[in-house]
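What follows is start_28.cif (mmCIF, C-alpha atoms).
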```cif
data_structure
loop_
_atom_site.label_atom_id
_atom_site.label_comp_id
_atom_site.auth_asym_id
_atom_site.auth_seq_id
_atom_site.Cartn_x
_atom_site.Cartn_y
_atom_site.Cartn_z
CA MET A 1 41.39 104.58 -29.93
CA LYS A 2 45.09 103.89 -30.42
CA ARG A 3 47.97 105.80 -28.90
CA SER A 4 51.27 106.40 -30.75
CA LEU A 5 54.20 104.90 -28.83
CA GLY A 6 56.99 105.90 -31.22
CA ALA A 7 59.53 103.77 -33.07
CA GLN A 8 60.16 100.88 -30.70
CA THR A 9 60.74 97.12 -30.81
CA LEU A 10 57.34 96.30 -29.34
CA ALA A 11 56.05 93.00 -30.75
CA TYR A 12 54.34 90.02 -29.11
CA PRO A 13 54.95 87.21 -28.52
CA LEU A 14 58.76 87.03 -28.82
CA PRO A 15 60.86 83.91 -28.25
CA THR A 16 63.54 83.21 -25.64
CA TRP A 17 66.30 81.25 -27.34
CA ILE A 18 69.84 80.37 -26.32
CA VAL A 19 72.35 80.75 -29.16
CA ALA A 20 75.44 78.59 -28.59
CA THR A 21 78.77 78.93 -30.38
CA TYR A 22 82.46 78.12 -30.01
CA ASP A 23 84.90 80.95 -29.51
CA ARG A 24 88.27 81.26 -31.25
CA ASP A 25 89.83 78.84 -28.77
CA GLY A 26 87.07 76.27 -29.15
CA ARG A 27 85.42 77.07 -25.82
CA PRO A 28 81.64 76.82 -25.80
CA ASN A 29 79.71 80.02 -25.18
CA ALA A 30 76.04 80.88 -25.18
CA MET A 31 73.80 83.92 -25.07
CA THR A 32 70.07 84.36 -24.80
CA VAL A 33 68.28 86.24 -27.59
CA ALA A 34 64.74 87.39 -28.27
CA TRP A 35 65.53 88.97 -31.65
CA GLY A 36 64.95 85.98 -33.91
CA GLY A 37 62.48 83.86 -35.82
CA ILE A 38 61.99 81.27 -38.51
CA CYS A 39 62.62 82.95 -41.88
CA CYS A 40 62.33 80.29 -44.61
CA SER A 41 60.70 76.87 -45.15
CA ILE A 42 62.91 75.56 -47.99
CA PRO A 43 65.70 75.42 -47.00
CA PRO A 44 64.50 75.51 -43.40
CA CYS A 45 66.14 78.58 -41.85
CA VAL A 46 66.12 80.48 -38.59
CA ALA A 47 67.40 84.02 -38.11
CA VAL A 48 68.98 85.45 -34.97
CA SER A 49 70.27 89.00 -34.49
CA LEU A 50 73.29 89.87 -32.36
CA ARG A 51 75.16 93.06 -31.61
CA GLU A 52 78.77 93.12 -32.77
CA ALA A 53 79.77 94.03 -29.20
CA THR A 54 78.76 90.60 -27.91
CA TYR A 55 81.30 87.84 -27.47
CA SER A 56 79.06 85.36 -29.29
CA TYR A 57 79.05 87.54 -32.43
CA HIS A 58 82.66 86.67 -33.14
CA GLY A 59 82.15 82.96 -32.51
CA LEU A 60 79.32 83.03 -34.97
CA THR A 61 81.23 85.04 -37.58
CA GLU A 62 84.32 82.85 -37.42
CA ARG A 63 82.72 79.41 -37.12
CA LYS A 64 79.81 80.12 -39.49
CA ALA A 65 77.65 77.91 -37.29
CA PHE A 66 75.44 78.10 -34.23
CA THR A 67 72.76 76.19 -32.40
CA VAL A 68 69.42 77.51 -31.21
CA ASN A 69 68.69 75.85 -27.89
CA ILE A 70 65.10 76.20 -26.75
CA PRO A 71 64.90 76.39 -22.97
CA SER A 72 61.98 75.12 -20.98
CA GLU A 73 60.29 77.37 -18.43
CA LYS A 74 62.13 75.53 -15.63
CA GLN A 75 65.36 76.95 -17.15
CA VAL A 76 64.16 80.56 -17.10
CA VAL A 77 66.74 81.75 -14.55
CA GLU A 78 69.59 80.07 -16.46
CA ALA A 79 68.31 81.59 -19.72
CA ASP A 80 68.15 85.04 -18.15
CA TYR A 81 71.68 84.68 -16.77
CA LEU A 82 73.00 83.79 -20.25
CA GLY A 83 71.50 87.05 -21.50
CA ILE A 84 73.14 89.14 -18.77
CA ALA A 85 76.72 87.83 -18.43
CA SER A 86 79.46 87.90 -21.10
CA GLY A 87 81.47 84.85 -22.16
CA ARG A 88 84.57 87.05 -22.44
CA SER A 89 85.23 86.83 -18.73
CA VAL A 90 83.48 83.68 -17.53
CA ASP A 91 82.45 80.18 -18.61
CA LYS A 92 78.77 81.00 -18.58
CA LEU A 93 77.53 77.49 -19.31
CA ALA A 94 79.54 75.99 -16.45
CA LYS A 95 78.40 78.72 -14.10
CA ALA A 96 74.76 78.08 -15.08
CA LYS A 97 75.36 74.33 -14.61
CA LEU A 98 74.48 73.67 -18.24
CA THR A 99 76.29 71.05 -20.33
CA ALA A 100 77.80 71.80 -23.74
CA VAL A 101 78.00 68.79 -26.06
CA PRO A 102 79.50 69.04 -29.56
CA SER A 103 77.10 68.99 -32.49
CA SER A 104 78.02 66.19 -34.89
CA LEU A 105 76.77 68.28 -37.83
CA VAL A 106 77.86 71.89 -37.29
CA ASP A 107 80.82 73.62 -35.64
CA ALA A 108 78.90 74.65 -32.51
CA PRO A 109 77.92 73.14 -29.17
CA CYS A 110 74.46 71.98 -28.12
CA ILE A 111 73.07 72.52 -24.63
CA GLU A 112 72.17 69.11 -23.26
CA GLU A 113 69.53 70.35 -20.81
CA CYS A 114 67.41 72.18 -23.43
CA PRO A 115 64.58 69.98 -24.72
CA VAL A 116 64.92 71.10 -28.37
CA VAL A 117 68.06 72.11 -30.27
CA LEU A 118 68.36 73.42 -33.85
CA GLU A 119 71.77 72.87 -35.47
CA CYS A 120 72.46 75.63 -37.96
CA LYS A 121 74.99 76.65 -40.61
CA VAL A 122 75.21 80.37 -41.37
CA ILE A 123 74.19 80.91 -45.00
CA GLN A 124 73.71 84.69 -44.95
CA THR A 125 74.83 87.58 -42.75
CA VAL A 126 72.73 90.74 -42.98
CA LYS A 127 74.04 94.00 -41.53
CA ILE A 128 71.07 96.02 -40.37
CA GLY A 129 72.14 98.57 -37.77
CA LEU A 130 73.09 97.97 -34.14
CA HIS A 131 72.27 94.32 -34.81
CA THR A 132 73.54 91.97 -37.47
CA GLN A 133 71.24 89.19 -38.52
CA PHE A 134 72.60 85.68 -39.05
CA ILE A 135 70.47 83.42 -41.21
CA GLY A 136 71.14 79.82 -40.34
CA GLU A 137 70.09 76.83 -42.38
CA ILE A 138 68.65 74.29 -39.96
CA VAL A 139 70.50 71.07 -40.79
CA ASP A 140 68.86 69.07 -38.00
CA VAL A 141 66.54 69.45 -35.05
CA LYS A 142 67.08 67.25 -32.02
CA ALA A 143 64.49 66.85 -29.30
CA GLU A 144 64.19 64.96 -26.03
CA GLU A 145 62.05 61.84 -26.36
CA GLY A 146 59.95 63.13 -23.48
CA VAL A 147 58.69 66.17 -25.43
CA LEU A 148 57.61 64.22 -28.52
CA GLY A 149 53.88 63.92 -29.04
CA PRO A 150 51.70 62.17 -31.61
CA GLY A 151 53.46 61.69 -34.96
CA GLY A 152 56.85 62.10 -33.32
CA LEU A 153 56.61 65.90 -33.46
CA PRO A 154 57.65 68.06 -30.50
CA ASP A 155 54.65 68.99 -28.35
CA ILE A 156 54.79 72.63 -27.23
CA GLU A 157 52.88 71.69 -24.08
CA GLN A 158 55.74 69.35 -23.13
CA ILE A 159 58.56 71.69 -24.22
CA ARG A 160 57.05 74.57 -22.22
CA PRO A 161 59.11 77.26 -24.04
CA ILE A 162 59.48 80.80 -22.72
CA VAL A 163 57.77 83.89 -24.15
CA PHE A 164 59.65 87.19 -23.82
CA SER A 165 57.85 90.50 -23.41
CA PRO A 166 60.07 93.37 -24.60
CA HIS A 167 60.53 96.65 -22.70
CA THR A 168 58.49 95.41 -19.73
CA HIS A 169 61.26 92.77 -19.47
CA LYS A 170 59.21 89.81 -18.36
CA TYR A 171 59.10 86.13 -19.20
CA TYR A 172 55.86 84.22 -19.58
CA ALA A 173 54.84 80.61 -20.04
CA VAL A 174 52.89 79.33 -23.02
CA GLY A 175 49.25 79.07 -22.01
CA ARG A 176 46.21 77.12 -23.03
CA TYR A 177 45.35 75.71 -26.46
CA LEU A 178 43.22 78.14 -28.47
CA ALA A 179 42.45 76.67 -31.90
CA ASP A 180 43.76 74.59 -34.80
CA ALA A 181 45.74 76.41 -37.48
CA PHE A 182 44.90 76.11 -41.20
CA SER A 183 41.54 74.87 -40.02
CA SER A 184 39.61 77.05 -37.55
CA GLY A 185 39.52 79.94 -40.07
CA LYS A 186 37.55 77.83 -42.56
CA ALA A 187 34.47 78.88 -40.60
CA ILE A 188 34.94 82.23 -42.42
CA GLY A 189 36.04 80.91 -45.81
CA GLU A 190 38.88 79.32 -47.75
CA MET B 1 68.41 61.24 -24.85
CA LYS B 2 67.59 63.31 -27.93
CA ARG B 3 66.10 62.06 -31.16
CA SER B 4 67.04 63.50 -34.58
CA LEU B 5 63.99 64.94 -36.35
CA GLY B 6 65.69 66.10 -39.53
CA ALA B 7 65.92 69.54 -41.11
CA GLN B 8 62.63 71.17 -40.18
CA THR B 9 61.26 74.55 -39.08
CA LEU B 10 60.61 73.43 -35.53
CA ALA B 11 61.08 76.34 -33.11
CA TYR B 12 59.07 77.53 -30.12
CA PRO B 13 57.39 79.84 -29.40
CA LEU B 14 56.56 81.43 -32.76
CA PRO B 15 54.37 84.51 -33.26
CA THR B 16 51.04 84.90 -35.06
CA TRP B 17 51.13 88.22 -36.88
CA ILE B 18 48.92 89.74 -39.56
CA VAL B 19 50.91 91.51 -42.30
CA ALA B 20 48.80 94.13 -44.08
CA THR B 21 49.58 95.77 -47.41
CA TYR B 22 47.95 97.57 -50.33
CA ASP B 23 47.80 95.83 -53.68
CA ARG B 24 48.55 97.50 -57.03
CA ASP B 25 45.05 98.97 -57.10
CA GLY B 26 45.26 100.32 -53.57
CA ARG B 27 43.01 97.67 -52.08
CA PRO B 28 43.94 96.57 -48.57
CA ASN B 29 45.04 92.96 -48.14
CA ALA B 30 46.35 90.98 -45.22
CA MET B 31 47.92 87.62 -44.50
CA THR B 32 48.89 85.84 -41.31
CA VAL B 33 52.52 84.85 -40.83
CA ALA B 34 54.52 82.96 -38.22
CA TRP B 35 57.87 83.35 -39.99
CA GLY B 36 59.01 86.63 -38.44
CA GLY B 37 60.69 88.36 -35.54
CA ILE B 38 62.35 91.50 -34.28
CA CYS B 39 65.77 91.77 -35.95
CA CYS B 40 67.37 95.05 -34.85
CA SER B 41 67.12 97.58 -32.00
CA ILE B 42 68.61 100.65 -33.73
CA PRO B 43 66.90 101.31 -36.05
CA PRO B 44 64.03 99.28 -34.62
CA CYS B 45 63.26 96.62 -37.22
CA VAL B 46 60.99 93.64 -37.66
CA ALA B 47 61.42 90.91 -40.27
CA VAL B 48 58.66 88.92 -41.95
CA SER B 49 59.12 86.19 -44.57
CA LEU B 50 56.68 85.61 -47.42
CA ARG B 51 56.58 83.25 -50.38
CA GLU B 52 56.63 84.96 -53.77
CA ALA B 53 53.47 83.00 -54.66
CA THR B 54 51.41 84.98 -52.13
CA TYR B 55 49.35 87.97 -53.18
CA SER B 56 50.75 90.04 -50.31
CA TYR B 57 54.32 89.56 -51.58
CA HIS B 58 53.67 91.84 -54.52
CA GLY B 59 51.96 94.48 -52.39
CA LEU B 60 54.97 94.52 -50.17
CA THR B 61 57.46 94.61 -53.02
CA GLU B 62 55.71 97.44 -54.84
CA ARG B 63 54.70 99.63 -51.91
CA LYS B 64 57.87 99.04 -49.86
CA ALA B 65 55.74 99.19 -46.75
CA PHE B 66 53.69 96.95 -44.50
CA THR B 67 52.13 96.85 -41.08
CA VAL B 68 52.44 94.09 -38.51
CA ASN B 69 49.09 93.79 -36.78
CA ILE B 70 49.18 91.78 -33.57
CA PRO B 71 45.92 89.93 -33.06
CA SER B 72 44.50 89.13 -29.66
CA GLU B 73 43.45 85.56 -28.83
CA LYS B 74 39.81 86.55 -29.38
CA GLN B 75 40.76 87.13 -33.06
CA VAL B 76 42.30 83.68 -33.52
CA VAL B 77 39.70 82.48 -36.05
CA GLU B 78 40.04 85.68 -38.11
CA ALA B 79 43.85 85.37 -37.98
CA ASP B 80 43.68 81.76 -39.14
CA TYR B 81 41.34 82.69 -41.98
CA LEU B 82 43.78 85.37 -43.18
CA GLY B 83 46.45 82.67 -43.38
CA ILE B 84 44.27 80.33 -45.44
CA ALA B 85 42.52 82.52 -48.06
CA SER B 86 44.18 84.55 -50.84
CA GLY B 87 43.51 88.23 -51.46
CA ARG B 88 43.66 87.60 -55.20
CA SER B 89 40.08 86.42 -55.28
CA VAL B 90 38.41 87.92 -52.23
CA ASP B 91 38.42 90.97 -49.94
CA LYS B 92 39.72 88.98 -46.97
CA LEU B 93 39.51 91.80 -44.44
CA ALA B 94 35.86 92.52 -45.28
CA LYS B 95 35.02 88.84 -45.16
CA ALA B 96 36.67 88.54 -41.73
CA LYS B 97 34.80 91.68 -40.60
CA LEU B 98 38.07 93.49 -39.94
CA THR B 99 38.54 97.19 -40.68
CA ALA B 100 41.44 98.55 -42.74
CA VAL B 101 42.42 102.11 -41.90
CA PRO B 102 45.23 103.92 -43.74
CA SER B 103 48.50 104.40 -41.88
CA SER B 104 49.43 108.08 -41.79
CA LEU B 105 53.13 107.16 -41.89
CA VAL B 106 53.59 104.30 -44.34
CA ASP B 107 51.89 103.17 -47.57
CA ALA B 108 49.98 100.31 -45.93
CA PRO B 109 46.74 99.80 -44.04
CA CYS B 110 46.36 99.13 -40.31
CA ILE B 111 43.80 96.70 -38.91
CA GLU B 112 41.63 98.64 -36.49
CA GLU B 113 40.60 95.65 -34.37
CA CYS B 114 44.17 94.51 -33.56
CA PRO B 115 45.35 95.91 -30.22
CA VAL B 116 48.91 96.67 -31.41
CA VAL B 117 50.11 97.73 -34.88
CA LEU B 118 53.68 98.26 -36.10
CA GLU B 119 53.98 100.60 -39.11
CA CYS B 120 57.00 99.59 -41.20
CA LYS B 121 59.03 100.75 -44.18
CA VAL B 122 60.92 98.04 -46.07
CA ILE B 123 64.65 98.80 -45.79
CA GLN B 124 66.06 95.46 -46.97
CA THR B 125 64.77 92.48 -48.95
CA VAL B 126 66.65 89.22 -48.43
CA LYS B 127 66.12 86.36 -50.88
CA ILE B 128 66.58 83.13 -48.95
CA GLY B 129 64.82 80.25 -50.72
CA LEU B 130 61.12 79.52 -50.91
CA HIS B 131 60.68 82.57 -48.68
CA THR B 132 61.90 86.12 -49.11
CA GLN B 133 62.50 88.10 -45.97
CA PHE B 134 61.38 91.72 -45.75
CA ILE B 135 63.14 93.79 -43.11
CA GLY B 136 60.94 96.67 -42.07
CA GLU B 137 62.02 99.67 -40.08
CA ILE B 138 59.37 100.25 -37.42
CA VAL B 139 58.50 103.94 -37.79
CA ASP B 140 55.76 103.85 -35.15
CA VAL B 141 53.90 101.46 -32.89
CA LYS B 142 50.28 102.19 -32.11
CA ALA B 143 48.41 100.46 -29.30
CA GLU B 144 44.90 100.53 -27.87
CA GLU B 145 44.71 102.55 -24.65
CA GLY B 146 43.16 99.49 -23.00
CA VAL B 147 46.31 97.37 -23.39
CA LEU B 148 48.69 99.95 -21.94
CA GLY B 149 50.11 99.13 -18.52
CA PRO B 150 52.42 100.95 -16.10
CA GLY B 151 54.76 103.39 -17.84
CA GLY B 152 52.49 103.52 -20.87
CA LEU B 153 53.99 100.32 -22.31
CA PRO B 154 51.80 97.61 -23.82
CA ASP B 155 51.02 94.88 -21.30
CA ILE B 156 51.24 91.40 -22.86
CA GLU B 157 48.61 90.19 -20.38
CA GLN B 158 46.16 92.71 -21.84
CA ILE B 159 47.16 92.20 -25.49
CA ARG B 160 46.81 88.42 -25.15
CA PRO B 161 48.76 87.66 -28.35
CA ILE B 162 48.72 84.27 -30.05
CA VAL B 163 51.54 81.71 -30.00
CA PHE B 164 51.87 79.46 -33.07
CA SER B 165 53.14 75.91 -32.82
CA PRO B 166 54.58 74.79 -36.19
CA HIS B 167 53.88 71.39 -37.78
CA THR B 168 51.36 70.45 -35.08
CA HIS B 169 49.43 73.50 -36.43
CA LYS B 170 47.99 74.79 -33.18
CA TYR B 171 47.52 78.18 -31.61
CA TYR B 172 48.09 78.82 -27.91
CA ALA B 173 47.54 81.68 -25.52
CA VAL B 174 50.32 83.36 -23.56
CA GLY B 175 50.32 81.88 -20.07
CA ARG B 176 51.42 82.89 -16.62
CA TYR B 177 54.22 85.25 -15.62
CA LEU B 178 57.47 83.34 -14.99
CA ALA B 179 60.25 85.77 -14.05
CA ASP B 180 61.77 89.19 -14.65
CA ALA B 181 64.24 89.52 -17.53
CA PHE B 182 67.72 91.06 -17.06
CA SER B 183 67.15 90.45 -13.37
CA SER B 184 66.24 86.89 -12.30
CA GLY B 185 69.51 85.54 -13.75
CA LYS B 186 71.56 87.68 -11.35
CA ALA B 187 71.03 84.90 -8.82
CA ILE B 188 73.67 83.04 -10.88
CA GLY B 189 75.95 85.99 -11.69
CA GLU B 190 76.38 89.14 -13.76
#
```

Could I get this structure in the form of structure tokens?
Amino acid sequence: MKRSLGAQTLAYPLPTWIVATYDRDGRPNAMTVAWGGICCSIPPCVAVSLREATYSYHGLTERKAFTVNIPSEKQVVEADYLGIASGRSVDKLAKAKLTAVPSSLVDAPCIEECPVVLECKVIQTVKIGLHTQFIGEIVDVKAEEGVLGPGGLPDIEQIRPIVFSPHTHKYYAVGRYLADAFSSGKAIGE
Amino acid sequence: MKRSLGAQTLAYPLPTWIVATYDRDGRPNAMTVAWGGICCSIPPCVAVSLREATYSYHGLTERKAFTVNIPSEKQVVEADYLGIASGRSVDKLAKAKLTAVPSSLVDAPCIEECPVVLECKVIQTVKIGLHTQFIGEIVDVKAEEGVLGPGGLPDIEQIRPIVFSPHTHKYYAVGRYLADAFSSGKAIGE
């Protein structure tokens, strides 16, 4: 028996990603978001949604570029801080002891300490409501050698990304392997 | 030291969601997607991206409605199957022994066995490339009583949703609690 919970942003699992941008003066800034996801395979694109009231929104609008920095669970406190503070008044990255390095491909900084970084150019901006969605074409993905597994692909068990649980406001680790995709379901049919 | 991996849809963690629709003849259909995420708080919205070649795409385009059904890890094989087979040729839900029940709010079916279901009306369609993104306003969320925790909110530890790892094609469970959001970062500042 299901209970109606009303119109709410309750979905699971959600990501914990750090969106990094330059502001008008070229200073790096970053904010943590959970409203985002991959949205296209060709071209490869990722979408992130920001409120216009955030400082990052303007960096993103003006520079037409951003990076998605995927924190590891050991960076959970830093990631949470970047979602609480505003870059208007403080150098958040310096305060969180994180290092901004320029992307060579897009007009945005990368966070050195994050194991995986997606460098993105804004190709569409979609006004929705309180949030505006930025669709970024992923022009490159860079990953620490230490998180690469067989075939040179990032291994989620080495990245140890952070799952966000909305409304209850909690972060979780990624857990145990369950099954192979595009494979385990063949037990039912194809 | 980071290695360049090229322009790829490598992001972590990604969700495993079952999008359910009616086809032209009113038959329920469902497909599993990992390209999606919450995209707005007010109105509450979720985005899912589908290729035009899928059978579900047309259900979604014509009915302007869909549900996001969040499977539990015990449904991982069924979820994988729904991402492999096409509803053109087979009643996928019946074959996976899943039950479609009509939503009372939107023109789409809900999957009874999934612990959480988001009922959505399409408010924007965004052509990107191979994928088209459907932005759905969440008009209600329904959850099994058994997954509700303190305050009547769904508890991710009871839902046990599935994390998708792209390219390596693996499903993972949600793991241990890490930290409180909008709180743990205050150790650094506000």

Might you pull out every residue within 6 Å of Arg51 of chain B, with all atoms listed in the file counted and same-chain residues fewer than 2 positions away left off, and present them as JSON, numbers by chain?
-> {"B": [53, 54, 130, 131]}

What lies within 6 Å of segment 61-69 of chain A using only C-alpha atoms, ignoring chain neighbours under 6 positions off, as a list in words?
->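 Here the qualifying residues turn out to be Trp17, Ile18, Val19, Ala20, Thr21, Asp107, Ala108, Cys114, Val117, Leu118, Glu119, Cys120, Lys121 and Val122 of chain A.
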
LSQ fit chain B -> chain A, C-alpha in sequence order, output as a compact mmCIF listing (two decimals) with C-alpha atoms, keeping the file's coordinate frame:
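Below is the file selection-v5.txt, written as the result:
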```
# COMPACT_ATOMS: atom_id res chain seq x y z
CA MET B 1 41.39 104.60 -29.92
CA LYS B 2 45.10 103.90 -30.42
CA ARG B 3 47.98 105.82 -28.91
CA SER B 4 51.28 106.41 -30.75
CA LEU B 5 54.21 104.91 -28.83
CA GLY B 6 56.99 105.89 -31.21
CA ALA B 7 59.53 103.77 -33.07
CA GLN B 8 60.17 100.88 -30.71
CA THR B 9 60.73 97.11 -30.81
CA LEU B 10 57.34 96.30 -29.35
CA ALA B 11 56.05 93.00 -30.75
CA TYR B 12 54.34 90.03 -29.12
CA PRO B 13 54.95 87.21 -28.52
CA LEU B 14 58.75 87.04 -28.84
CA PRO B 15 60.87 83.92 -28.25
CA THR B 16 63.54 83.22 -25.64
CA TRP B 17 66.29 81.26 -27.34
CA ILE B 18 69.83 80.37 -26.31
CA VAL B 19 72.35 80.76 -29.17
CA ALA B 20 75.43 78.60 -28.60
CA THR B 21 78.77 78.93 -30.37
CA TYR B 22 82.46 78.12 -30.01
CA ASP B 23 84.91 80.95 -29.51
CA ARG B 24 88.28 81.25 -31.27
CA ASP B 25 89.82 78.85 -28.77
CA GLY B 26 87.06 76.28 -29.14
CA ARG B 27 85.44 77.08 -25.82
CA PRO B 28 81.65 76.81 -25.79
CA ASN B 29 79.71 80.02 -25.18
CA ALA B 30 76.05 80.87 -25.18
CA MET B 31 73.81 83.91 -25.06
CA THR B 32 70.06 84.37 -24.81
CA VAL B 33 68.28 86.24 -27.59
CA ALA B 34 64.74 87.39 -28.28
CA TRP B 35 65.53 88.98 -31.65
CA GLY B 36 64.96 85.98 -33.90
CA GLY B 37 62.49 83.87 -35.82
CA ILE B 38 61.98 81.28 -38.52
CA CYS B 39 62.62 82.95 -41.88
CA CYS B 40 62.33 80.30 -44.60
CA SER B 41 60.71 76.88 -45.14
CA ILE B 42 62.91 75.57 -47.99
CA PRO B 43 65.69 75.42 -47.00
CA PRO B 44 64.51 75.51 -43.39
CA CYS B 45 66.13 78.58 -41.86
CA VAL B 46 66.13 80.47 -38.59
CA ALA B 47 67.41 84.02 -38.10
CA VAL B 48 68.99 85.45 -34.96
CA SER B 49 70.27 89.01 -34.50
CA LEU B 50 73.30 89.87 -32.38
CA ARG B 51 75.17 93.07 -31.61
CA GLU B 52 78.78 93.12 -32.77
CA ALA B 53 79.78 94.04 -29.20
CA THR B 54 78.77 90.59 -27.92
CA TYR B 55 81.31 87.84 -27.47
CA SER B 56 79.07 85.36 -29.29
CA TYR B 57 79.05 87.54 -32.43
CA HIS B 58 82.65 86.67 -33.15
CA GLY B 59 82.13 82.96 -32.51
CA LEU B 60 79.32 83.02 -34.98
CA THR B 61 81.21 85.03 -37.57
CA GLU B 62 84.31 82.84 -37.42
CA ARG B 63 82.72 79.41 -37.12
CA LYS B 64 79.80 80.11 -39.48
CA ALA B 65 77.65 77.92 -37.29
CA PHE B 66 75.43 78.12 -34.24
CA THR B 67 72.76 76.20 -32.41
CA VAL B 68 69.42 77.51 -31.22
CA ASN B 69 68.69 75.86 -27.89
CA ILE B 70 65.09 76.19 -26.75
CA PRO B 71 64.90 76.39 -22.98
CA SER B 72 61.97 75.11 -20.98
CA GLU B 73 60.29 77.37 -18.41
CA LYS B 74 62.13 75.53 -15.64
CA GLN B 75 65.37 76.95 -17.15
CA VAL B 76 64.16 80.56 -17.10
CA VAL B 77 66.74 81.74 -14.54
CA GLU B 78 69.59 80.07 -16.45
CA ALA B 79 68.31 81.59 -19.72
CA ASP B 80 68.15 85.04 -18.15
CA TYR B 81 71.67 84.68 -16.77
CA LEU B 82 72.99 83.80 -20.24
CA GLY B 83 71.50 87.06 -21.50
CA ILE B 84 73.14 89.14 -18.77
CA ALA B 85 76.74 87.83 -18.44
CA SER B 86 79.47 87.90 -21.11
CA GLY B 87 81.48 84.86 -22.15
CA ARG B 88 84.57 87.04 -22.44
CA SER B 89 85.23 86.83 -18.73
CA VAL B 90 83.48 83.69 -17.54
CA ASP B 91 82.48 80.17 -18.59
CA LYS B 92 78.77 81.00 -18.57
CA LEU B 93 77.53 77.49 -19.31
CA ALA B 94 79.54 75.99 -16.44
CA LYS B 95 78.40 78.72 -14.10
CA ALA B 96 74.76 78.07 -15.06
CA LYS B 97 75.35 74.32 -14.61
CA LEU B 98 74.48 73.66 -18.24
CA THR B 99 76.29 71.05 -20.33
CA ALA B 100 77.80 71.80 -23.74
CA VAL B 101 78.01 68.80 -26.05
CA PRO B 102 79.50 69.05 -29.55
CA SER B 103 77.09 68.98 -32.48
CA SER B 104 78.02 66.19 -34.88
CA LEU B 105 76.77 68.28 -37.82
CA VAL B 106 77.85 71.88 -37.28
CA ASP B 107 80.83 73.62 -35.63
CA ALA B 108 78.90 74.64 -32.51
CA PRO B 109 77.93 73.14 -29.18
CA CYS B 110 74.46 71.97 -28.13
CA ILE B 111 73.07 72.51 -24.64
CA GLU B 112 72.18 69.11 -23.25
CA GLU B 113 69.53 70.34 -20.81
CA CYS B 114 67.42 72.18 -23.43
CA PRO B 115 64.58 69.99 -24.71
CA VAL B 116 64.92 71.09 -28.36
CA VAL B 117 68.07 72.11 -30.28
CA LEU B 118 68.35 73.42 -33.85
CA GLU B 119 71.78 72.86 -35.46
CA CYS B 120 72.46 75.64 -37.96
CA LYS B 121 74.97 76.65 -40.62
CA VAL B 122 75.21 80.38 -41.36
CA ILE B 123 74.18 80.91 -45.00
CA GLN B 124 73.70 84.70 -44.96
CA THR B 125 74.80 87.59 -42.75
CA VAL B 126 72.69 90.73 -42.98
CA LYS B 127 74.04 93.99 -41.56
CA ILE B 128 71.07 96.02 -40.37
CA GLY B 129 72.15 98.57 -37.75
CA LEU B 130 73.09 97.98 -34.14
CA HIS B 131 72.27 94.33 -34.81
CA THR B 132 73.54 91.97 -37.47
CA GLN B 133 71.25 89.18 -38.51
CA PHE B 134 72.61 85.68 -39.03
CA ILE B 135 70.47 83.43 -41.20
CA GLY B 136 71.14 79.82 -40.34
CA GLU B 137 70.09 76.83 -42.37
CA ILE B 138 68.64 74.29 -39.95
CA VAL B 139 70.49 71.07 -40.79
CA ASP B 140 68.85 69.07 -38.00
CA VAL B 141 66.52 69.45 -35.05
CA LYS B 142 67.08 67.26 -32.03
CA ALA B 143 64.48 66.85 -29.30
CA GLU B 144 64.19 64.97 -26.02
CA GLU B 145 62.06 61.83 -26.36
CA GLY B 146 59.95 63.15 -23.47
CA VAL B 147 58.70 66.17 -25.43
CA LEU B 148 57.63 64.22 -28.51
CA GLY B 149 53.88 63.93 -29.04
CA PRO B 150 51.70 62.17 -31.62
CA GLY B 151 53.45 61.69 -34.96
CA GLY B 152 56.85 62.09 -33.32
CA LEU B 153 56.62 65.90 -33.46
CA PRO B 154 57.64 68.05 -30.50
CA ASP B 155 54.65 68.98 -28.35
CA ILE B 156 54.79 72.63 -27.23
CA GLU B 157 52.88 71.67 -24.08
CA GLN B 158 55.74 69.35 -23.12
CA ILE B 159 58.56 71.68 -24.21
CA ARG B 160 57.04 74.57 -22.24
CA PRO B 161 59.11 77.25 -24.02
CA ILE B 162 59.47 80.79 -22.72
CA VAL B 163 57.76 83.88 -24.15
CA PHE B 164 59.65 87.19 -23.82
CA SER B 165 57.84 90.49 -23.41
CA PRO B 166 60.08 93.36 -24.60
CA HIS B 167 60.52 96.64 -22.70
CA THR B 168 58.48 95.40 -19.73
CA HIS B 169 61.28 92.77 -19.46
CA LYS B 170 59.21 89.80 -18.36
CA TYR B 171 59.10 86.13 -19.21
CA TYR B 172 55.85 84.21 -19.58
CA ALA B 173 54.84 80.61 -20.05
CA VAL B 174 52.90 79.33 -23.04
CA GLY B 175 49.26 79.07 -22.01
CA ARG B 176 46.21 77.12 -23.04
CA TYR B 177 45.35 75.69 -26.45
CA LEU B 178 43.22 78.14 -28.48
CA ALA B 179 42.45 76.67 -31.91
CA ASP B 180 43.75 74.60 -34.80
CA ALA B 181 45.76 76.41 -37.48
CA PHE B 182 44.90 76.12 -41.21
CA SER B 183 41.54 74.86 -40.02
CA SER B 184 39.60 77.05 -37.56
CA GLY B 185 39.53 79.93 -40.07
CA LYS B 186 37.55 77.83 -42.56
CA ALA B 187 34.47 78.88 -40.61
CA ILE B 188 34.94 82.23 -42.41
CA GLY B 189 36.05 80.90 -45.81
CA GLU B 190 38.88 79.31 -47.78
```

So which residues touch Pro115 of chain B within 7 Å, counting all atoms listed in the file, skipping near sequence neighbours fewer than 6 positions away, as a PyMOL selection string?
-> chain B and resi 70-72+143-144+159

Kindly provide, as an NGL selection string, the polymer residues lying within 10 Å of (62.2, 89.3, -43.2), counting only C-alpha atoms and using the coordinates exactly as they appear in the file.
-> (:A and (37-40 or 47)) or (:B and (35-39 or 45-50 or 122 or 124-128 or 131-136))
